[in-house]
file query-v3.tsv (TSV, C-alpha atoms and all ligand atoms)
chain	number	residue	atom	x	y	z
E	434	MET	CA	44.41	-8.12	-66.71
E	435	ALA	CA	41.75	-10.14	-64.84
E	436	PRO	CA	42.31	-13.88	-64.33
E	437	PRO	CA	40.30	-16.08	-66.78
E	438	GLY	CA	36.64	-16.35	-65.74
E	439	ARG	CA	36.78	-13.23	-63.54
E	440	SER	CA	35.55	-9.82	-64.62
E	441	PRO	CA	38.08	-6.99	-64.31
E	442	ARG	CA	38.05	-5.11	-61.01
E	443	PRO	CA	36.25	-1.77	-61.55
E	444	SER	CA	38.58	1.23	-61.38
E	445	PRO	CA	37.62	3.52	-58.52
E	446	LEU	CA	36.39	6.94	-59.64
E	447	ALA	CA	37.31	9.96	-57.53
E	448	ARG	CA	36.88	13.73	-57.59
E	449	VAL	CA	39.87	15.94	-56.99
E	450	SER	CA	39.52	19.64	-56.20
E	451	ARG	CA	41.85	22.58	-55.99
E	452	CYS	CA	41.16	26.21	-55.01
E	453	VAL	CA	42.60	29.54	-56.08
E	454	SER	CA	41.75	33.13	-55.21
E	455	PHE	CA	41.92	36.15	-57.47
E	456	SER	CA	41.08	39.83	-57.09
E	457	ALA	CA	39.27	41.73	-59.80
E	458	SER	CA	37.02	44.71	-60.36
E	459	HIS	CA	33.91	44.88	-62.51
E	460	ARG	CA	30.67	46.67	-63.20
E	461	LEU	CA	27.37	44.94	-63.82
E	462	HIS	CA	26.04	46.61	-66.96
E	463	SER	CA	24.19	45.09	-69.91
E	464	LYS	CA	24.53	46.60	-73.37
E	465	LEU	CA	21.05	45.23	-74.07
E	466	LEU	CA	19.52	47.62	-71.52
E	467	SER	CA	19.29	51.41	-71.19
E	468	ASP	CA	21.30	53.25	-68.54
E	469	GLU	CA	18.13	53.63	-66.50
E	470	GLU	CA	17.26	49.94	-66.79
E	471	ASN	CA	20.80	48.97	-65.81
E	472	GLN	CA	20.69	51.20	-62.75
E	473	LYS	CA	17.29	49.82	-61.74
E	474	LEU	CA	18.37	46.19	-62.24
E	475	PHE	CA	21.91	46.18	-60.87
E	476	GLY	CA	21.69	49.06	-58.34
E	477	LYS	CA	25.03	49.68	-56.57
E	478	CYS	CA	26.69	47.02	-58.75
E	479	ASN	CA	26.10	49.32	-61.76
E	480	ASN	CA	28.32	52.04	-60.26
E	481	PRO	CA	30.07	53.58	-63.33
E	482	ASN	CA	33.51	53.29	-61.73
E	483	GLY	CA	32.99	49.68	-60.74
E	484	HIS	CA	33.70	47.77	-57.55
E	485	GLY	CA	35.93	44.86	-56.55
E	486	HIS	CA	35.81	41.33	-55.19
E	487	ASN	CA	38.23	38.75	-53.84
E	488	TYR	CA	36.92	35.79	-55.80
E	489	LYS	CA	37.57	32.20	-54.74
E	490	VAL	CA	37.38	29.41	-57.31
E	491	GLU	CA	37.13	25.68	-56.59
E	492	VAL	CA	37.79	23.41	-59.58
E	493	THR	CA	36.84	19.73	-59.46
E	494	VAL	CA	38.17	17.06	-61.83
E	495	ARG	CA	36.62	13.58	-61.97
E	496	GLY	CA	38.19	10.40	-63.23
E	497	GLU	CA	39.60	6.96	-62.59
E	498	ILE	CA	42.40	6.61	-60.09
E	499	ASP	CA	45.31	5.45	-62.21
E	500	PRO	CA	46.57	2.21	-60.60
E	501	THR	CA	50.16	3.05	-61.43
E	502	THR	CA	50.27	6.67	-60.22
E	503	GLY	CA	47.47	6.57	-57.65
E	504	MET	CA	46.18	9.85	-59.09
E	505	VAL	CA	43.12	11.07	-61.01
E	506	ILE	CA	45.22	14.02	-62.12
E	507	ASN	CA	48.54	15.29	-60.90
E	508	LEU	CA	47.60	18.30	-58.75
E	509	THR	CA	50.80	19.99	-59.84
E	510	ASP	CA	49.52	19.87	-63.44
E	511	LEU	CA	46.08	21.12	-62.33
E	512	LYS	CA	47.79	23.98	-60.51
E	513	ASP	CA	49.55	25.00	-63.74
E	514	TYR	CA	46.33	24.77	-65.78
E	515	MET	CA	44.48	26.91	-63.22
E	516	GLU	CA	47.26	29.46	-63.27
E	517	GLU	CA	46.93	29.75	-67.07
E	518	ALA	CA	43.13	29.57	-67.25
E	519	ILE	CA	42.18	31.65	-64.19
E	520	MET	CA	45.00	33.65	-62.63
E	521	GLU	CA	46.71	34.96	-65.75
E	522	PRO	CA	43.57	36.28	-67.46
E	523	LEU	CA	41.63	37.44	-64.36
E	524	ASP	CA	43.83	38.31	-61.37
E	525	HIS	CA	44.17	42.06	-60.69
E	526	LYS	CA	42.14	42.82	-63.80
E	527	ASN	CA	39.14	44.94	-64.59
E	528	LEU	CA	37.00	42.13	-65.96
E	529	ASP	CA	34.98	44.33	-68.31
E	530	LYS	CA	37.91	46.28	-69.75
E	531	ASP	CA	40.86	43.87	-69.58
E	532	VAL	CA	39.23	40.58	-70.50
E	533	PRO	CA	37.92	40.55	-74.10
E	534	TYR	CA	35.37	37.81	-73.24
E	535	PHE	CA	33.47	40.30	-71.07
E	536	ALA	CA	33.32	43.08	-73.66
E	537	ASP	CA	29.80	41.93	-74.58
E	538	VAL	CA	29.09	39.47	-71.76
E	539	VAL	CA	27.90	40.82	-68.38
E	540	SER	CA	30.56	40.01	-65.77
E	541	THR	CA	28.26	38.24	-63.32
E	542	THR	CA	29.60	35.35	-61.28
E	543	GLU	CA	27.60	32.99	-63.51
E	544	ASN	CA	29.50	34.23	-66.56
E	545	VAL	CA	32.84	34.22	-64.70
E	546	ALA	CA	32.20	30.52	-63.96
E	547	VAL	CA	31.43	29.81	-67.65
E	548	PHE	CA	34.57	31.70	-68.73
E	549	ILE	CA	36.69	29.63	-66.35
E	550	TRP	CA	35.07	26.37	-67.50
E	551	GLU	CA	35.68	27.16	-71.17
E	552	ASN	CA	39.29	28.14	-70.51
E	553	LEU	CA	40.04	25.10	-68.37
E	554	HIS	CA	38.26	22.29	-70.16
E	555	LYS	CA	40.39	22.67	-73.27
E	556	ARG	CA	43.53	22.11	-71.16
E	557	LEU	CA	42.26	19.00	-69.36
E	558	PRO	CA	41.76	15.43	-70.64
E	559	GLU	CA	38.38	15.17	-72.42
E	560	GLY	CA	35.42	14.76	-70.07
E	561	THR	CA	37.35	15.14	-66.80
E	562	LEU	CA	36.35	18.66	-65.77
E	563	TYR	CA	33.44	18.10	-63.37
E	564	LYS	CA	32.66	21.38	-61.62
E	565	VAL	CA	33.68	25.01	-61.38
E	566	LYS	CA	32.50	26.74	-58.20
E	567	VAL	CA	33.01	30.50	-57.91
E	568	TYR	CA	32.60	32.47	-54.69
E	569	GLU	CA	32.12	36.13	-55.57
E	570	THR	CA	31.74	36.81	-51.86
E	571	ASP	CA	31.37	34.47	-48.88
E	572	LYS	CA	27.63	34.58	-49.52
E	573	ASN	CA	27.33	34.69	-53.34
E	574	ILE	CA	28.28	31.37	-54.92
E	575	VAL	CA	27.84	29.92	-58.44
E	576	VAL	CA	28.36	26.33	-59.59
E	577	TYR	CA	28.77	25.52	-63.30
E	578	LYS	CA	29.09	21.97	-64.61
E	579	GLY	CA	29.25	22.64	-68.35
E	580	GLU	CA	25.52	22.08	-68.83
E	581	ALA	CA	23.41	23.93	-71.39
E	582	SER	CA	19.70	24.08	-72.02
E	583	VAL	CA	18.39	23.04	-75.42
E	584	PRO	CA	16.43	25.88	-77.08
E	585	GLY	CA	12.71	25.06	-77.34
E	586	LYS	CA	12.80	22.25	-74.74
F	1	LIG	N1	22.86	36.46	-60.16
F	1	LIG	C1	23.77	37.39	-59.79
F	1	LIG	N2	23.38	38.46	-59.10
F	1	LIG	C2	24.29	39.37	-58.71
F	1	LIG	C3	25.64	39.19	-59.01
F	1	LIG	C4	26.03	38.05	-59.76
F	1	LIG	O1	27.20	37.84	-60.07
F	1	LIG	N3	25.07	37.18	-60.11
F	1	LIG	N4	26.56	40.11	-58.59
F	1	LIG	C5	26.23	41.17	-57.91
F	1	LIG	C6	27.27	42.18	-57.57
F	1	LIG	O2	28.46	41.90	-58.26
F	1	LIG	C7	27.54	42.55	-56.15
F	1	LIG	O3	28.90	42.86	-56.03
F	1	LIG	C8	27.16	41.63	-55.07
F	1	LIG	O4	27.62	42.25	-53.90
F	1	LIG	P1	26.85	42.34	-52.55
F	1	LIG	O5	25.38	42.26	-52.74
F	1	LIG	O6	27.40	43.50	-51.83
F	1	LIG	O7	27.42	41.00	-51.91
F	1	LIG	P2	27.00	40.33	-50.60
F	1	LIG	O8	25.63	39.73	-50.79
F	1	LIG	O9	28.03	39.31	-50.23
F	1	LIG	O10	27.04	41.51	-49.60
F	1	LIG	P3	26.28	41.81	-48.26
F	1	LIG	O11	25.79	43.20	-48.43
F	1	LIG	O12	27.30	41.66	-47.21
F	1	LIG	O13	25.16	40.82	-48.10
F	1	LIG	C9	24.83	41.45	-57.59
F	1	LIG	N5	23.91	40.47	-58.04
F	2	ZN	ZN	30.33	42.60	-58.04

call {"tool": "encode", "arguments": {"input": "query-v3.tsv", "output": "structure tokens", "more": "lines below"}}
Ligand SMILES: Nc1nc2c(c(=O)[nH]1)N=C([C@H](O)[C@H](O)COP(=O)(O)OP(=O)(O)OP(=O)(O)O)CN2
Ligand SMILES: [Zn+2]
result
Amino acid sequence: MAPPGRSPRPSPLARVSRCVSFSASHRLHSKLLSDEENQKLFGKCNNPNGHGHNYKVEVTVRGEIDPTTGMVINLTDLKDYMEEAIMEPLDHKNLDKDVPYFADVVSTTENVAVFIWENLHKRLPEGTLYKVKVYETDKNIVVYKGEASVPGK
């Protein structure tokens, strides 16, 4: 509580990140396209027997630093949430065949990032998930921040 006549001291906001790695196979193939169109669009990534990646995921949570605990979020809790939301559904899986979400959603890194966001944000305090960054390879990187475009705008 601030002394009378003084406004309360603003709580510092910080961003806390944690990384995990998982291995998975997939095939880029859209059910909305013909086999020929898929091959033309995705090339080697449309190989019928798939291919694999060692994905790296960086999750960032944003919030006030609690004056009592000194934490935005307990990283031990974040570790558990990431285990449930990322490792359990995705590690050592065939994304297209083992993960129901990707039955009709092309397993691009963009969509992997959205899947992880949707799975994580329901476990975290409202409004605290800030960023999901997925490295499909060292060179191919996607950032998703929960944003969506409004149709017609
Ligand atoms: N917009 C997207 N484009 C592509 C994605 C994707 O997720 N989003 N994914 C792929 C493939 O999955 C493919 O595996 C990418 O591999 P590759 O091109 O081999 O990866 P690198 O660029 O890191 O490999 P180098 O050959 O060493 O450059 C394709 N497109
Ligand atoms: Zn791939």

call {"tool": "closest_residue", "arguments": {"input": "query-v3.tsv", "among": "E:Glu469, E:Asp513, E:Glu543, E:Glu551", "to": "ligand LIG 1 (chain F)", "atoms": "only C-alpha atoms and all ligand atoms"}}
result
E:Glu543

call {"tool": "residues_near_ligand", "arguments": {"input": "query-v3.tsv", "ligand": "ligand ZN 2 (chain F)", "cutoff": "10 Å", "atoms": "all atoms listed in the file", "output": "list in words"}}
result
Ala457, Ser458, His459, Arg460, Leu461, Phe475, Lys477, Cys478, Asn479, Asn480, Gly483, His484, Gly485, His486, Asn487, Tyr488, Ser540, Thr541, Thr542, Glu569, Thr570 and Asn573 of chain E

call {"tool": "atom_distance", "arguments": {"input": "query-v3.tsv", "atom1": "atom CA of Val547 of chain E", "atom2": "atom CA of Val565 of chain E"}}
result
8.2 Å

call {"tool": "residues_around", "arguments": {"input": "query-v3.tsv", "residues": "Thr561 of chain E", "least_positions_apart": "2", "cutoff": "8 Å", "atoms": "all atoms listed in the file", "output": "PyMOL selection string"}}
result
chain E and resi 494-496+554+557-559+563

call {"tool": "closest_residue", "arguments": {"input": "query-v3.tsv", "among": "E:Val538, E:Val575, E:Ile549, E:Leu523", "to": "ligand LIG 1 (chain F)", "atoms": "all atoms listed in the file"}}
result
E:Val575

call {"tool": "residues_near_point", "arguments": {"input": "query-v3.tsv", "point": "(23.4, 48.0, -65.1)", "cutoff": "7 Å", "atoms": "all atoms listed in the file", "output": "count of residues only"}}
result
10

call {"tool": "atom_distance", "arguments": {"input": "query-v3.tsv", "atom1": "atom CA of Val532 of chain E", "atom2": "atom CA of Leu511 of chain E"}}
result
22.2 Å

call {"tool": "closest_residue", "arguments": {"input": "query-v3.tsv", "among": "E:Tyr568, E:Tyr577, E:Phe548, E:Phe455", "to": "ligand LIG 1 (chain F)", "atoms": "all atoms listed in the file"}}
result
E:Tyr568

call {"tool": "closest_residue", "arguments": {"input": "query-v3.tsv", "among": "E:Ala581, E:Gly438, E:Arg448, E:Leu553", "to": "Met504 of chain E", "atoms": "all atoms listed in the file"}}
result
E:Arg448

call {"tool": "atom_distance", "arguments": {"input": "query-v3.tsv", "atom1": "atom CA of Val453 of chain E", "atom2": "atom O1 of ligand LIG 1 (chain F)"}}
result
17.9 Å

call {"tool": "closest_residue", "arguments": {"input": "query-v3.tsv", "among": "E:Val583, E:Val490, E:Val567, E:Ile506", "to": "ligand LIG 1 (chain F)", "atoms": "all atoms listed in the file"}}
result
E:Val567
